[in-house]
Protein chains: 2
Amino acid sequence: MLNQARKEFSIVKGIAPNVNQDALFNDKRKVFLFGSPSYTNMGDQAIAYAEEKFIENCFPYYEYIEIMDYATDEGIELVKKIINADDIVCFTGGGNLGSLYVDIEEDRRKVIESFKDYRTIVFPQSAFFEDTEEGRAEKKKSQEAYNQNPNLTLVAREKQTLEILKDTFQANVLYTPDMVLSLSIEPRDLEREGVLFVLRADKEKVTEESFVSDLMNLVGKDNLVERTDTVLSEVDVIDYADREDQLLKMFDKIGSKKLIITDRLHAMIFSIITKTPCLVFGNSYGKAKHSYNDWLHELSFIEYTDNKELNGLPSIIEKLQSAEPNKIDVREDFQVLKDFFRG
Amino acid sequence: MLNQARKEFSIVKGIAPNVNQDALFNDKRKVFLFGSPSYTNMGDQAIAYAEEKFIENCFPYYEYIEIMDYATDEGIELVKKIINADDIVCFTGGGNLGSLYVDIEEDRRKVIESFKDYRTIVFPQSAFFEDTEEGRAEKKKSQEAYNQNPNLTLVAREKQTLEILKDTFQANVLYTPDMVLSLSIEPRDLEREGVLFVLRADKEKVTEESFVSDLMNLVGKDNLVERTDTVLSEVDVIDYADREDQLLKMFDKIGSKKLIITDRLHAMIFSIITKTPCLVFGNSYGKAKHSYNDWLHELSFIEYTDNKELNGLPSIIEKLQSAEPNKIDVREDFQVLKDFFRG
C-alpha cells in the first residue's frame with residue numbers, strides 16, 4: 001500500500017510542496033493542511049504562511065504537510081492511504097467559510113467529510129452565509145457535510161463568527177485572532193512616502209467609488225496617493241515556493257507608506273506588523289470591523305470607522321499619523337489552538 | 001572574486017549547512033552565525049537552534065547562514081570574500097565566554113577581529129575569567145581582540161555577566177535571557193515516571209559526589225532514579241542536520257520524568273519548556289543560579305537552592321511536584337536584541 005502511494009503521489013504537483021516528499025512516509029505524527037492557497041489573495045497567503053510557522057515553532061516534533069488547493073482531490077486520495085489514527089487534518093483559515101466562495105467551501109466540505117474518523121480542524125475563519133435562497137442552500141450543504149464529522153473543531157476569528165458557527169454546526173468551536181497576528185516578524189525600517197489605498201474589487205466591496213475618489217482627492221492634496229489591492233493582479237498563481245517572497249514584498253509595500261487606507265482586513269494586519277498608520281473601512285459583513293473591535297481597538301495607530309463624512313476624516317488621519325505605534329500582545333490568545341494540537 | 005569564492009566554498013563542509021549553498025551569493029542582507037556547535041552539549045545545541053528560529057521568525061527577509069565550529073577558519077576566509085557593508089556577523093551564545101573554554105574563546109576572538117569593520121554581535125552569554133595567572137592572561141588576550149572591533153555588541157544573559165562585560169570590554173553590551181527561552185515549543189504530553197539527575201561531569205562541577213549519592217538514595221526510596229548529563233556521550237558529533245532530532249529527544253527525556261534534579265542551566269530550561277518540576281543546584285560560577293534569580297524565580301515548579309542539607313530537600317521537592325506549572329513571559333525581554341538586528 002505504501003509503495004503504491006509513493007508511486008502515485010510522486011506524479012502529483014501540489015502535494016507536500018513544503019517538505020522533502022519522504023516526509024509523507026516517516027513515522028512522525030502528521031499534520032495535514034488542506035486548502036493551501038495558490039490564488040493571489042495575499043491575506044490568505046499570509047494566513048497559510050502563519051499556519052506553517054505556528055506548527056513548526058510550537059510542534060517541531062510533528063510533520064507538517066501542505067496540500068495546495070488545486071490538488072485537493074488527489075491530496076484526499078493520497079492522505080487516506082497514509083494517514084494514522086492520531087494524525088490531524090486541517091483546512092486553512094481565512095474569510096471564506098460560507099456561501100460567498102463556493103469553490104473553497106466545496107473543498108472544505110470534501111475534506112471534512114473524507115476524514116470524519118480523524119481529528120479535523122478548520123483554522124481561524126470568518127463565516128458568512130447569505131440570507132438568500134442560494135445562501136440557505138449552501139448552508140444546508142455545509143451542515144450536512146460538517147455534521148458528518150464528530151471529530152471536527154472550527155475556529156472563529158471574531159465573536160460574530162463564533163456565534164454563527166455555534167448556531168450552525170455541531171462541531172466544537174474555538175475562538176482566536178486571525179493566524180497572521182501570531183507571526184513574530186519585526187518590520188524592516190524603510191523610508192516612508194505617500195498614502196496607499198488598498199481596496200477591494202470583489203463581491204464584499206461596499207465602499208462607494210464616489211467616496212473613494214473624493215477621499216483620494218482630499219488626501220492627495222498633500223500626499224502622493226496610490227491605489228492597489230492585497231489581491232495581486234500581476235501574477236496568476238502564487239505557489240508554495242513563491243509565498244514568502246511575495247509576502248515580504250507586500251510587507252515592504254505597506255511598510256514604506258505614511259498611511260494606509262483600506263477596506264481589507266489583511267491590509268490592516270500588514271499595517272500592524274509594519275507599524276504603519278492605517279484607517280479601515282468595512283466590507284459587506286464586517287470582517288475587518290469585528291476583528292478590530294474584538295482584538296485590535298487598543299492600537300493607537302490603527303482605526304476602524306464607519307464614518308463616510310469626508311470632513312470628519314482628516315482629524316482621524318492626523319491622530320493616527322502622530323500616534324506612537326504601540327503593541328498589543330495577542331499571543332496568549334492562541335493558547336486554545338496550541339492546546340488543540342497538543343491533544 | 002565571486003566565482004572563485006563559489007569554487008572554494010563548495011569543498012568545505014560545515015559552511016552554510018542550513019541553506020542551499022546558492023544563498024551565500026544572493027542579494028539579501030546576510031546574518032552569519034559563527035561557532036555553530038558540533039559538540040554534544042545539548043544546551044549549546046539548543047541555543048543554536050533558538051538563534052536560527054529567532055532570526056527566521058523575526059527577520060525572514062535576511063539570509064541566515066551558519067558556520068560550524070570546525071569550519072571557523074575556512075568560514076572566516078569565505079565570508080570575508082562575500083560580506084557586504086550592512087551584513088551582520090554573529091558568534092553563538094552559551095556559557096563559554098572567558099577562560100574556561102579556550103578553544104571556543106580563541107575562535108570568538110578570531111571572528112571578532114576578522115570582522116571589525118562590520119556589525120558584530122555575540123549572542124547571550126555567561127562570562128567568567130578565572131582569577132588566576134592563566135585566567136588573567138586569557139582576559140587580556142580577549143580584551144585585545146574584542147577591543148579592536150568598534151562595531152561589537154556583546155549580550156549578557158545574567159546581571160553578573162552584564163557587569164563583567166561592561167567592566168572588561170569597550171563593546172556595547174545588551175542584556176537578555178538565554179536564547180532557548182525565546183522558543184515557542186509546546187511540550188508533548190508524555191507519561192511521566194521517575195526522577196532524573198542531570199549532572200555535570202566537567203570543570204564547572206561543584207556538587208559533591210557524596211551529596212549526589214545521598215540524595216539519589218533518598219529520592220530512590222520512592223522513585224525510579226536515573227542519572228545522565230545534557231552533554232551526550234553516545235554520539236561524538238552533532239552536526240547541523242542532526243540538531244533538531246537530538247534536541248527533541250532530549251525534550252522527551254526530560255518531559256517524561258516526574259522530577260529533574262540538576263546543576264545544569266539547560267536541564268532547568270528544558271524542564272521549563274516541558275513543564276517538568278526541577279530542583280537546581282549551582283555550578284562553579286553561578287550560571288544556573290543567576291539565570292534563575294534574574295529571570296525565572298517566579299516559576300512555581302522550578303527552584304534553585306544552595307541548600308546541601310539533605311533533610312531540607314524533601315519538602316522543597318514535594319512543593320515543586322504539587323505546584324501547578326505556571327508560565328512567565330520573557331519574550332518582551334528579547335526586544336533589545338530584535339532592535340539590534342533591525343538596525
# chains A, B, ... in the order shown; residues from 1 in each chain; ligands from 1
call {"tool": "select_by_dssp", "arguments": {"residues": "region 174-280 of chain A", "states": "alpha helix (DSSP H)", "output": "number ranges by chain"}}
result
A: 209-220, 240-255, 265-273
call {"tool": "interface_residues", "arguments": {"of": "chain A", "to": "chain B", "cutoff": "12 Å", "atoms": "only C-alpha atoms", "output": "compact mmCIF listing (two decimals) with all heavy atoms, in the first residue's frame"}}
result
# COMPACT_ATOMS: atom_id res chain seq x y z
N LYS A 28 6.65 10.08 12.03
CA LYS A 28 6.21 11.19 12.88
C LYS A 28 4.69 11.35 12.80
O LYS A 28 4.06 10.98 11.80
CB LYS A 28 6.85 12.49 12.40
CG LYS A 28 8.30 12.66 12.73
CD LYS A 28 8.72 14.10 12.42
CE LYS A 28 10.19 14.32 12.66
NZ LYS A 28 10.57 15.71 12.30
N ARG A 29 4.14 11.97 13.83
CA ARG A 29 2.74 12.34 13.79
C ARG A 29 2.57 13.44 12.74
O ARG A 29 3.33 14.38 12.69
CB ARG A 29 2.32 12.86 15.17
CG ARG A 29 0.83 13.08 15.31
CD ARG A 29 0.49 13.47 16.75
NE ARG A 29 -0.93 13.70 16.89
CZ ARG A 29 -1.51 14.17 17.99
NH1 ARG A 29 -0.78 14.42 19.06
NH2 ARG A 29 -2.81 14.37 18.04
N TYR A 49 1.09 31.03 5.49
CA TYR A 49 2.47 31.22 5.98
C TYR A 49 2.48 31.15 7.51
O TYR A 49 3.33 30.47 8.12
CB TYR A 49 2.97 32.58 5.48
CG TYR A 49 4.37 32.95 5.87
CD1 TYR A 49 5.47 32.42 5.18
CD2 TYR A 49 4.63 33.85 6.90
CE1 TYR A 49 6.77 32.79 5.52
CE2 TYR A 49 5.92 34.22 7.25
CZ TYR A 49 6.99 33.68 6.54
OH TYR A 49 8.27 34.05 6.89
N ALA A 50 1.54 31.84 8.14
CA ALA A 50 1.48 31.87 9.61
C ALA A 50 1.12 30.51 10.19
O ALA A 50 1.62 30.11 11.24
CB ALA A 50 0.48 32.93 10.07
N GLU A 52 1.91 27.62 8.94
CA GLU A 52 3.13 26.80 8.88
C GLU A 52 4.08 27.17 10.02
O GLU A 52 4.61 26.29 10.71
CB GLU A 52 3.81 27.01 7.52
CG GLU A 52 5.06 26.17 7.36
CD GLU A 52 5.78 26.42 6.04
OE1 GLU A 52 5.61 27.51 5.46
OE2 GLU A 52 6.52 25.52 5.60
N LYS A 53 4.31 28.46 10.23
CA LYS A 53 5.22 28.90 11.30
C LYS A 53 4.69 28.45 12.66
O LYS A 53 5.45 28.06 13.54
CB LYS A 53 5.34 30.43 11.30
CG LYS A 53 6.04 31.01 10.10
CD LYS A 53 7.53 30.81 10.18
CE LYS A 53 8.23 31.32 8.95
NZ LYS A 53 9.57 30.75 8.79
N PHE A 54 3.38 28.55 12.83
CA PHE A 54 2.75 28.16 14.10
C PHE A 54 3.05 26.70 14.42
O PHE A 54 3.51 26.36 15.52
CB PHE A 54 1.25 28.41 13.99
CG PHE A 54 0.44 28.02 15.20
CD1 PHE A 54 0.36 28.85 16.31
CD2 PHE A 54 -0.28 26.83 15.22
CE1 PHE A 54 -0.40 28.50 17.42
CE2 PHE A 54 -1.03 26.47 16.33
CZ PHE A 54 -1.10 27.31 17.43
N ILE A 55 2.81 25.82 13.47
CA ILE A 55 3.05 24.40 13.72
C ILE A 55 4.55 24.13 13.87
O ILE A 55 4.98 23.42 14.78
CB ILE A 55 2.45 23.53 12.60
CG1 ILE A 55 0.93 23.72 12.52
CG2 ILE A 55 2.81 22.04 12.80
CD1 ILE A 55 0.14 23.20 13.69
N GLU A 56 5.36 24.70 13.02
CA GLU A 56 6.81 24.46 13.09
C GLU A 56 7.41 24.94 14.41
O GLU A 56 8.28 24.29 14.98
CB GLU A 56 7.52 25.20 11.96
CG GLU A 56 7.47 24.46 10.65
CD GLU A 56 8.24 25.21 9.56
OE1 GLU A 56 8.82 26.28 9.86
OE2 GLU A 56 8.22 24.73 8.43
N ASN A 57 6.97 26.11 14.87
CA ASN A 57 7.55 26.67 16.09
C ASN A 57 7.04 25.97 17.34
O ASN A 57 7.79 25.75 18.28
CB ASN A 57 7.25 28.17 16.20
CG ASN A 57 8.10 28.99 15.25
OD1 ASN A 57 9.27 28.69 15.04
ND2 ASN A 57 7.53 30.02 14.68
N CYS A 58 5.76 25.67 17.37
CA CYS A 58 5.16 25.11 18.58
C CYS A 58 5.27 23.60 18.63
O CYS A 58 5.33 23.01 19.70
CB CYS A 58 3.70 25.51 18.71
SG CYS A 58 3.44 27.29 18.79
N PHE A 59 5.28 22.96 17.47
CA PHE A 59 5.22 21.49 17.41
C PHE A 59 6.27 20.94 16.45
O PHE A 59 5.92 20.28 15.47
CB PHE A 59 3.81 21.03 17.00
CG PHE A 59 2.74 21.60 17.84
CD1 PHE A 59 2.06 22.76 17.46
CD2 PHE A 59 2.43 21.02 19.07
CE1 PHE A 59 1.08 23.31 18.27
CE2 PHE A 59 1.45 21.58 19.88
CZ PHE A 59 0.77 22.72 19.48
N PRO A 60 7.53 21.21 16.72
CA PRO A 60 8.57 20.75 15.78
C PRO A 60 8.64 19.23 15.67
O PRO A 60 9.25 18.71 14.74
CB PRO A 60 9.86 21.34 16.37
CG PRO A 60 9.56 21.59 17.81
CD PRO A 60 8.11 21.93 17.86
N TYR A 61 8.00 18.55 16.61
CA TYR A 61 8.01 17.08 16.57
C TYR A 61 6.91 16.51 15.68
O TYR A 61 6.80 15.29 15.54
CB TYR A 61 7.91 16.50 17.99
CG TYR A 61 6.95 17.22 18.91
CD1 TYR A 61 5.62 16.86 18.95
CD2 TYR A 61 7.38 18.26 19.73
CE1 TYR A 61 4.73 17.52 19.78
CE2 TYR A 61 6.49 18.93 20.58
CZ TYR A 61 5.16 18.55 20.60
OH TYR A 61 4.29 19.21 21.43
N TYR A 62 6.08 17.37 15.08
CA TYR A 62 5.10 16.91 14.08
C TYR A 62 5.67 17.10 12.68
O TYR A 62 6.53 17.96 12.45
CB TYR A 62 3.81 17.72 14.16
CG TYR A 62 2.98 17.52 15.41
CD1 TYR A 62 1.93 18.39 15.70
CD2 TYR A 62 3.22 16.47 16.29
CE1 TYR A 62 1.15 18.24 16.84
CE2 TYR A 62 2.44 16.32 17.43
CZ TYR A 62 1.42 17.21 17.70
OH TYR A 62 0.65 17.05 18.83
N SER A 182 -0.30 35.90 14.76
CA SER A 182 0.62 35.06 15.55
C SER A 182 2.06 35.17 15.07
O SER A 182 2.97 34.63 15.70
CB SER A 182 0.17 33.60 15.51
OG SER A 182 0.38 33.02 14.24
N LEU A 183 2.29 35.86 13.95
CA LEU A 183 3.66 36.00 13.44
C LEU A 183 4.49 36.90 14.35
O LEU A 183 3.97 37.77 15.03
CB LEU A 183 3.65 36.57 12.02
CG LEU A 183 3.12 35.66 10.92
CD1 LEU A 183 3.03 36.42 9.59
CD2 LEU A 183 4.01 34.42 10.75
N SER A 184 5.81 36.68 14.32
CA SER A 184 6.74 37.50 15.13
C SER A 184 7.62 38.39 14.27
O SER A 184 8.68 38.81 14.72
CB SER A 184 7.67 36.59 15.95
OG SER A 184 6.98 35.56 16.58
N ILE A 185 7.20 38.68 13.06
CA ILE A 185 8.07 39.44 12.16
C ILE A 185 8.33 40.85 12.70
O ILE A 185 7.40 41.55 13.11
CB ILE A 185 7.43 39.52 10.76
CG1 ILE A 185 7.38 38.12 10.15
CG2 ILE A 185 8.21 40.48 9.86
CD1 ILE A 185 6.70 38.07 8.80
N GLU A 186 9.58 41.23 12.70
CA GLU A 186 9.97 42.60 13.02
C GLU A 186 9.99 43.39 11.72
O GLU A 186 10.61 42.95 10.75
CB GLU A 186 11.38 42.63 13.63
CG GLU A 186 11.46 42.10 15.03
CD GLU A 186 10.82 43.04 16.03
OE1 GLU A 186 11.19 44.22 16.07
OE2 GLU A 186 9.92 42.58 16.77
N PRO A 187 9.35 44.54 11.72
CA PRO A 187 9.31 45.28 10.44
C PRO A 187 10.68 45.81 10.05
O PRO A 187 11.49 46.18 10.89
CB PRO A 187 8.37 46.44 10.76
CG PRO A 187 8.47 46.63 12.24
CD PRO A 187 8.69 45.25 12.81
N ARG A 188 10.93 45.83 8.76
CA ARG A 188 12.11 46.46 8.21
C ARG A 188 11.97 47.97 8.39
O ARG A 188 10.86 48.50 8.26
CB ARG A 188 12.13 46.14 6.70
CG ARG A 188 13.45 45.79 6.13
CD ARG A 188 13.36 45.95 4.65
NE ARG A 188 12.90 44.78 3.91
CZ ARG A 188 13.72 43.89 3.35
NH1 ARG A 188 15.01 43.99 3.47
NH2 ARG A 188 13.23 42.90 2.63
N ASP A 189 13.05 48.65 8.66
CA ASP A 189 12.98 50.12 8.75
C ASP A 189 13.10 50.71 7.35
O ASP A 189 14.18 50.73 6.76
CB ASP A 189 14.14 50.65 9.61
CG ASP A 189 13.73 50.77 11.07
OD1 ASP A 189 12.56 51.11 11.32
OD2 ASP A 189 14.58 50.53 11.95
N LEU A 190 12.00 51.18 6.81
CA LEU A 190 12.01 51.71 5.45
C LEU A 190 11.64 53.19 5.47
O LEU A 190 10.93 53.64 6.37
CB LEU A 190 10.99 50.95 4.59
CG LEU A 190 11.26 49.46 4.43
CD1 LEU A 190 10.06 48.78 3.77
CD2 LEU A 190 12.52 49.21 3.63
N ARG A 243 5.60 31.92 -1.95
CA ARG A 243 4.76 32.58 -0.94
C ARG A 243 5.53 33.60 -0.10
O ARG A 243 5.11 34.74 0.04
CB ARG A 243 4.14 31.51 -0.04
CG ARG A 243 3.20 32.05 1.01
CD ARG A 243 2.53 30.92 1.78
NE ARG A 243 1.59 30.20 0.95
CZ ARG A 243 1.21 28.94 1.17
NH1 ARG A 243 1.70 28.27 2.21
NH2 ARG A 243 0.34 28.36 0.37
N GLU A 244 6.63 33.17 0.48
CA GLU A 244 7.35 34.07 1.39
C GLU A 244 7.86 35.31 0.66
O GLU A 244 7.72 36.43 1.17
CB GLU A 244 8.51 33.33 2.07
CG GLU A 244 9.21 34.22 3.10
CD GLU A 244 10.28 33.47 3.91
OE1 GLU A 244 11.34 33.15 3.35
OE2 GLU A 244 10.04 33.23 5.10
N ASP A 245 8.41 35.15 -0.50
CA ASP A 245 8.92 36.32 -1.25
C ASP A 245 7.81 37.32 -1.55
O ASP A 245 7.98 38.52 -1.38
CB ASP A 245 9.57 35.88 -2.57
CG ASP A 245 10.98 35.35 -2.34
OD1 ASP A 245 11.48 35.45 -1.20
OD2 ASP A 245 11.58 34.84 -3.31
N GLN A 246 6.69 36.82 -2.02
CA GLN A 246 5.57 37.71 -2.34
C GLN A 246 5.06 38.41 -1.09
O GLN A 246 4.71 39.59 -1.12
CB GLN A 246 4.43 36.92 -2.99
CG GLN A 246 4.72 36.42 -4.39
CD GLN A 246 4.70 37.55 -5.43
OE1 GLN A 246 4.48 38.72 -5.10
NE2 GLN A 246 4.96 37.20 -6.68
N LEU A 247 5.05 37.69 0.01
CA LEU A 247 4.57 38.26 1.27
C LEU A 247 5.51 39.35 1.76
O LEU A 247 5.06 40.42 2.20
CB LEU A 247 4.46 37.13 2.30
CG LEU A 247 3.66 37.42 3.54
CD1 LEU A 247 2.24 37.80 3.19
CD2 LEU A 247 3.66 36.18 4.44
N LEU A 248 6.80 39.09 1.68
CA LEU A 248 7.76 40.09 2.14
C LEU A 248 7.69 41.34 1.26
O LEU A 248 7.84 42.47 1.75
CB LEU A 248 9.17 39.49 2.17
CG LEU A 248 9.36 38.34 3.16
CD1 LEU A 248 10.77 37.77 3.09
CD2 LEU A 248 9.03 38.76 4.59
N LYS A 249 7.44 41.15 -0.02
CA LYS A 249 7.26 42.29 -0.92
C LYS A 249 6.05 43.12 -0.49
O LYS A 249 6.07 44.35 -0.49
CB LYS A 249 7.00 41.79 -2.36
CG LYS A 249 8.20 41.87 -3.27
CD LYS A 249 7.73 41.64 -4.71
CE LYS A 249 8.64 40.68 -5.41
NZ LYS A 249 8.12 40.26 -6.73
N MET A 250 4.97 42.42 -0.15
CA MET A 250 3.76 43.12 0.29
C MET A 250 4.02 43.88 1.59
O MET A 250 3.58 45.02 1.74
CB MET A 250 2.63 42.10 0.47
CG MET A 250 1.30 42.65 0.94
SD MET A 250 0.58 43.94 -0.11
CE MET A 250 -0.09 42.96 -1.46
N PHE A 251 4.74 43.26 2.53
CA PHE A 251 5.09 43.97 3.77
C PHE A 251 5.89 45.24 3.45
O PHE A 251 5.67 46.28 4.06
CB PHE A 251 5.92 43.08 4.70
CG PHE A 251 5.14 41.99 5.40
CD1 PHE A 251 5.73 40.78 5.73
CD2 PHE A 251 3.80 42.18 5.74
CE1 PHE A 251 5.02 39.78 6.38
CE2 PHE A 251 3.08 41.18 6.39
CZ PHE A 251 3.70 39.98 6.71
N ASP A 252 6.83 45.14 2.52
CA ASP A 252 7.62 46.32 2.17
C ASP A 252 6.75 47.40 1.52
O ASP A 252 6.96 48.59 1.74
CB ASP A 252 8.76 45.94 1.21
CG ASP A 252 9.91 45.25 1.94
OD1 ASP A 252 9.88 45.20 3.18
OD2 ASP A 252 10.85 44.78 1.27
N ILE A 273 1.72 44.92 11.56
CA ILE A 273 3.04 44.29 11.58
C ILE A 273 4.13 45.29 11.20
O ILE A 273 5.21 45.30 11.80
CB ILE A 273 3.06 43.06 10.62
CG1 ILE A 273 2.18 41.94 11.21
CG2 ILE A 273 4.48 42.56 10.37
CD1 ILE A 273 2.00 40.74 10.31
N THR A 274 3.85 46.15 10.22
CA THR A 274 4.88 47.09 9.76
C THR A 274 4.79 48.44 10.48
O THR A 274 5.48 49.38 10.10
CB THR A 274 4.75 47.32 8.24
OG1 THR A 274 3.43 47.84 7.96
CG2 THR A 274 4.95 46.04 7.46
N LYS A 327 1.93 48.41 20.92
CA LYS A 327 1.85 46.98 20.65
C LYS A 327 0.70 46.38 21.42
O LYS A 327 0.41 46.82 22.53
CB LYS A 327 3.12 46.30 21.20
CG LYS A 327 4.26 46.27 20.27
CD LYS A 327 5.30 45.32 20.85
CE LYS A 327 6.52 45.24 19.96
NZ LYS A 327 7.48 44.27 20.50
N ILE A 328 0.08 45.38 20.88
CA ILE A 328 -0.80 44.56 21.70
C ILE A 328 -0.26 43.15 21.62
O ILE A 328 0.37 42.77 20.64
CB ILE A 328 -2.26 44.57 21.21
CG1 ILE A 328 -2.27 44.35 19.69
CG2 ILE A 328 -2.99 45.84 21.60
CD1 ILE A 328 -3.54 43.75 19.23
N ASP A 329 -0.49 42.41 22.69
CA ASP A 329 0.04 41.04 22.72
C ASP A 329 -1.12 40.07 22.67
O ASP A 329 -1.81 39.86 23.66
CB ASP A 329 0.86 40.84 23.98
CG ASP A 329 1.70 39.58 23.89
OD1 ASP A 329 1.41 38.74 23.01
OD2 ASP A 329 2.63 39.42 24.69
N ARG A 331 -0.60 36.96 21.64
CA ARG A 331 -0.03 35.61 21.53
C ARG A 331 -0.69 34.61 22.47
O ARG A 331 -0.91 33.47 22.12
CB ARG A 331 1.49 35.67 21.73
CG ARG A 331 2.19 36.31 20.53
CD ARG A 331 3.67 36.50 20.77
NE ARG A 331 3.90 37.45 21.86
CZ ARG A 331 5.08 38.00 22.12
NH1 ARG A 331 6.13 37.69 21.39
NH2 ARG A 331 5.21 38.85 23.12
N GLU A 332 -1.02 35.09 23.68
CA GLU A 332 -1.68 34.19 24.63
C GLU A 332 -3.05 33.72 24.12
O GLU A 332 -3.55 32.68 24.54
CB GLU A 332 -1.85 34.88 25.99
CG GLU A 332 -0.61 34.85 26.84
CD GLU A 332 -0.12 33.44 27.12
OE1 GLU A 332 -0.91 32.60 27.56
OE2 GLU A 332 1.07 33.16 26.86
N PHE A 334 -3.76 32.56 21.40
CA PHE A 334 -3.68 31.36 20.57
C PHE A 334 -3.50 30.09 21.41
O PHE A 334 -3.37 29.00 20.85
CB PHE A 334 -2.51 31.48 19.57
CG PHE A 334 -2.77 32.52 18.51
CD1 PHE A 334 -2.24 33.80 18.61
CD2 PHE A 334 -3.58 32.23 17.42
CE1 PHE A 334 -2.50 34.76 17.64
CE2 PHE A 334 -3.84 33.19 16.45
CZ PHE A 334 -3.30 34.46 16.56
N GLN A 335 -3.50 30.22 22.73
CA GLN A 335 -3.24 29.06 23.57
C GLN A 335 -4.28 27.94 23.35
O GLN A 335 -3.92 26.77 23.33
CB GLN A 335 -3.19 29.46 25.05
CG GLN A 335 -2.68 28.36 25.97
CD GLN A 335 -1.28 27.86 25.61
OE1 GLN A 335 -0.38 28.65 25.39
NE2 GLN A 335 -1.09 26.54 25.51
N VAL A 336 -5.54 28.31 23.13
CA VAL A 336 -6.56 27.27 22.92
C VAL A 336 -6.25 26.45 21.66
O VAL A 336 -6.54 25.25 21.59
CB VAL A 336 -8.00 27.84 22.81
CG1 VAL A 336 -8.46 28.35 24.17
CG2 VAL A 336 -8.11 28.90 21.73
N LEU A 337 -5.64 27.11 20.69
CA LEU A 337 -5.29 26.41 19.45
C LEU A 337 -4.08 25.49 19.70
O LEU A 337 -4.02 24.37 19.20
CB LEU A 337 -4.97 27.44 18.37
CG LEU A 337 -4.96 26.96 16.93
CD1 LEU A 337 -6.28 26.32 16.54
CD2 LEU A 337 -4.65 28.13 15.99
N LYS A 338 -3.13 25.98 20.51
CA LYS A 338 -1.99 25.14 20.89
C LYS A 338 -2.48 23.92 21.65
O LYS A 338 -2.02 22.80 21.42
CB LYS A 338 -1.00 25.93 21.74
CG LYS A 338 -0.34 27.07 20.97
CD LYS A 338 0.60 27.87 21.87
CE LYS A 338 1.09 29.12 21.13
NZ LYS A 338 1.85 30.02 22.01
N ASP A 339 -3.43 24.15 22.56
CA ASP A 339 -3.95 23.03 23.35
C ASP A 339 -4.62 21.99 22.44
O ASP A 339 -4.50 20.79 22.67
CB ASP A 339 -4.94 23.53 24.41
CG ASP A 339 -4.25 24.36 25.48
OD1 ASP A 339 -3.01 24.26 25.61
OD2 ASP A 339 -4.94 25.13 26.18
N PHE A 340 -5.31 22.48 21.41
CA PHE A 340 -5.92 21.53 20.47
C PHE A 340 -4.85 20.64 19.83
O PHE A 340 -5.00 19.42 19.78
CB PHE A 340 -6.69 22.28 19.37
CG PHE A 340 -7.14 21.35 18.26
CD1 PHE A 340 -8.35 20.68 18.36
CD2 PHE A 340 -6.34 21.11 17.15
CE1 PHE A 340 -8.75 19.79 17.36
CE2 PHE A 340 -6.73 20.22 16.16
CZ PHE A 340 -7.94 19.56 16.27
N PHE A 341 -3.78 21.24 19.36
CA PHE A 341 -2.78 20.45 18.64
C PHE A 341 -1.95 19.56 19.57
O PHE A 341 -1.38 18.57 19.13
CB PHE A 341 -1.86 21.38 17.82
CG PHE A 341 -2.50 21.80 16.52
CD1 PHE A 341 -3.13 23.02 16.39
CD2 PHE A 341 -2.49 20.94 15.43
CE1 PHE A 341 -3.73 23.40 15.20
CE2 PHE A 341 -3.09 21.30 14.24
CZ PHE A 341 -3.71 22.54 14.12
N ARG A 342 -1.88 19.93 20.85
CA ARG A 342 -1.18 19.06 21.80
C ARG A 342 -1.99 17.82 22.11
O ARG A 342 -1.44 16.79 22.49
CB ARG A 342 -0.94 19.79 23.12
CG ARG A 342 0.21 20.75 23.08
CD ARG A 342 0.39 21.37 24.45
NE ARG A 342 0.73 20.38 25.46
CZ ARG A 342 0.69 20.59 26.76
NH1 ARG A 342 0.30 21.76 27.22
NH2 ARG A 342 1.03 19.64 27.60
N GLY A 343 -3.32 17.95 22.00
CA GLY A 343 -4.21 16.87 22.47
C GLY A 343 -4.15 15.62 21.61
O GLY A 343 -3.53 15.57 20.59
call {"tool": "residues_around", "arguments": {"residues": "Glu318 (chain A)", "least_positions_apart": "4", "cutoff": "12 Å", "atoms": "only C-alpha atoms", "output": "number ranges by chain"}}
result
A: 219, 258-259, 277-279, 300-303, 312-314, 322-323
call {"tool": "residues_around", "arguments": {"residues": "Asp239 (chain A)", "least_positions_apart": "3", "cutoff": "8 Å", "atoms": "only C-alpha atoms", "output": "MDAnalysis selection string"}}
result
chainID A and resid 37:38 68 242:243
call {"tool": "write_last_selection", "arguments": {"atoms": "C-alpha atoms", "output": "short mmCIF file (atom, residue, chain, number, x, y, z; two decimals), in the first residue's frame"}}
result
data_model
loop_
_atom_site.label_atom_id
_atom_site.label_comp_id
_atom_site.auth_asym_id
_atom_site.auth_seq_id
_atom_site.Cartn_x
_atom_site.Cartn_y
_atom_site.Cartn_z
CA PRO A 37 -3.89 28.82 -1.36
CA SER A 38 -2.41 29.16 -4.83
CA MET A 68 -2.28 23.02 -2.38
CA ASP A 242 6.84 31.86 -4.01
CA ARG A 243 4.76 32.58 -0.94
#
call {"tool": "closest_residue", "arguments": {"among": "B:Leu181, B:Ala48, B:Leu174, B:Val231", "to": "Asn18 (chain B)", "atoms": "only C-alpha atoms"}}
result
B:Ala48
call {"tool": "residues_around", "arguments": {"residues": "Gly98 (chain A)", "least_positions_apart": "4", "cutoff": "8 Å", "atoms": "only C-alpha atoms", "output": "VMD selection string"}}
result
chain A and resid 102 105 127 to 130 135 138 to 139 142
call {"tool": "write_last_selection", "arguments": {"atoms": "C-alpha atoms", "output": "tab-separated table (two decimals), in the first residue's frame"}}
result
chain	number	residue	atom	x	y	z
A	102	VAL	CA	-18.44	28.20	-3.10
A	105	GLU	CA	-16.50	25.82	0.60
A	127	ALA	CA	-18.20	32.77	8.45
A	128	PHE	CA	-20.97	34.27	6.38
A	129	PHE	CA	-23.93	32.60	4.72
A	130	GLU	CA	-26.07	34.98	2.69
A	135	GLY	CA	-27.15	31.15	0.77
A	138	GLU	CA	-25.21	26.37	0.73
A	139	LYS	CA	-25.60	26.46	4.49
A	142	SER	CA	-22.23	22.65	4.69
call {"tool": "residues_around", "arguments": {"residues": "Ile261 (chain A)", "least_positions_apart": "2", "cutoff": "10 Å", "atoms": "only C-alpha atoms", "output": "PyMOL selection string"}}
result
chain A and resi 195-199+212+215-216+227+259+263-264+267-268+271+277-281+303+317
call {"tool": "closest_residue", "arguments": {"among": "A:Val225, A:Val31, A:Ala171, A:Val180", "to": "Glu193 (chain A)", "atoms": "only C-alpha atoms"}}
result
A:Val225
call {"tool": "select_by_dssp", "arguments": {"residues": "region 13-160 of chain A", "states": "strand (DSSP E)", "output": "ChimeraX atom specification"}}
result
/A:29-36,62-68,88-91,94-98,119-128,152-156
call {"tool": "closest_residue", "arguments": {"among": "B:Lys275, B:Lys81, B:Lys30, B:Lys221", "to": "Glu66 (chain B)", "atoms": "only C-alpha atoms"}}
result
B:Lys30
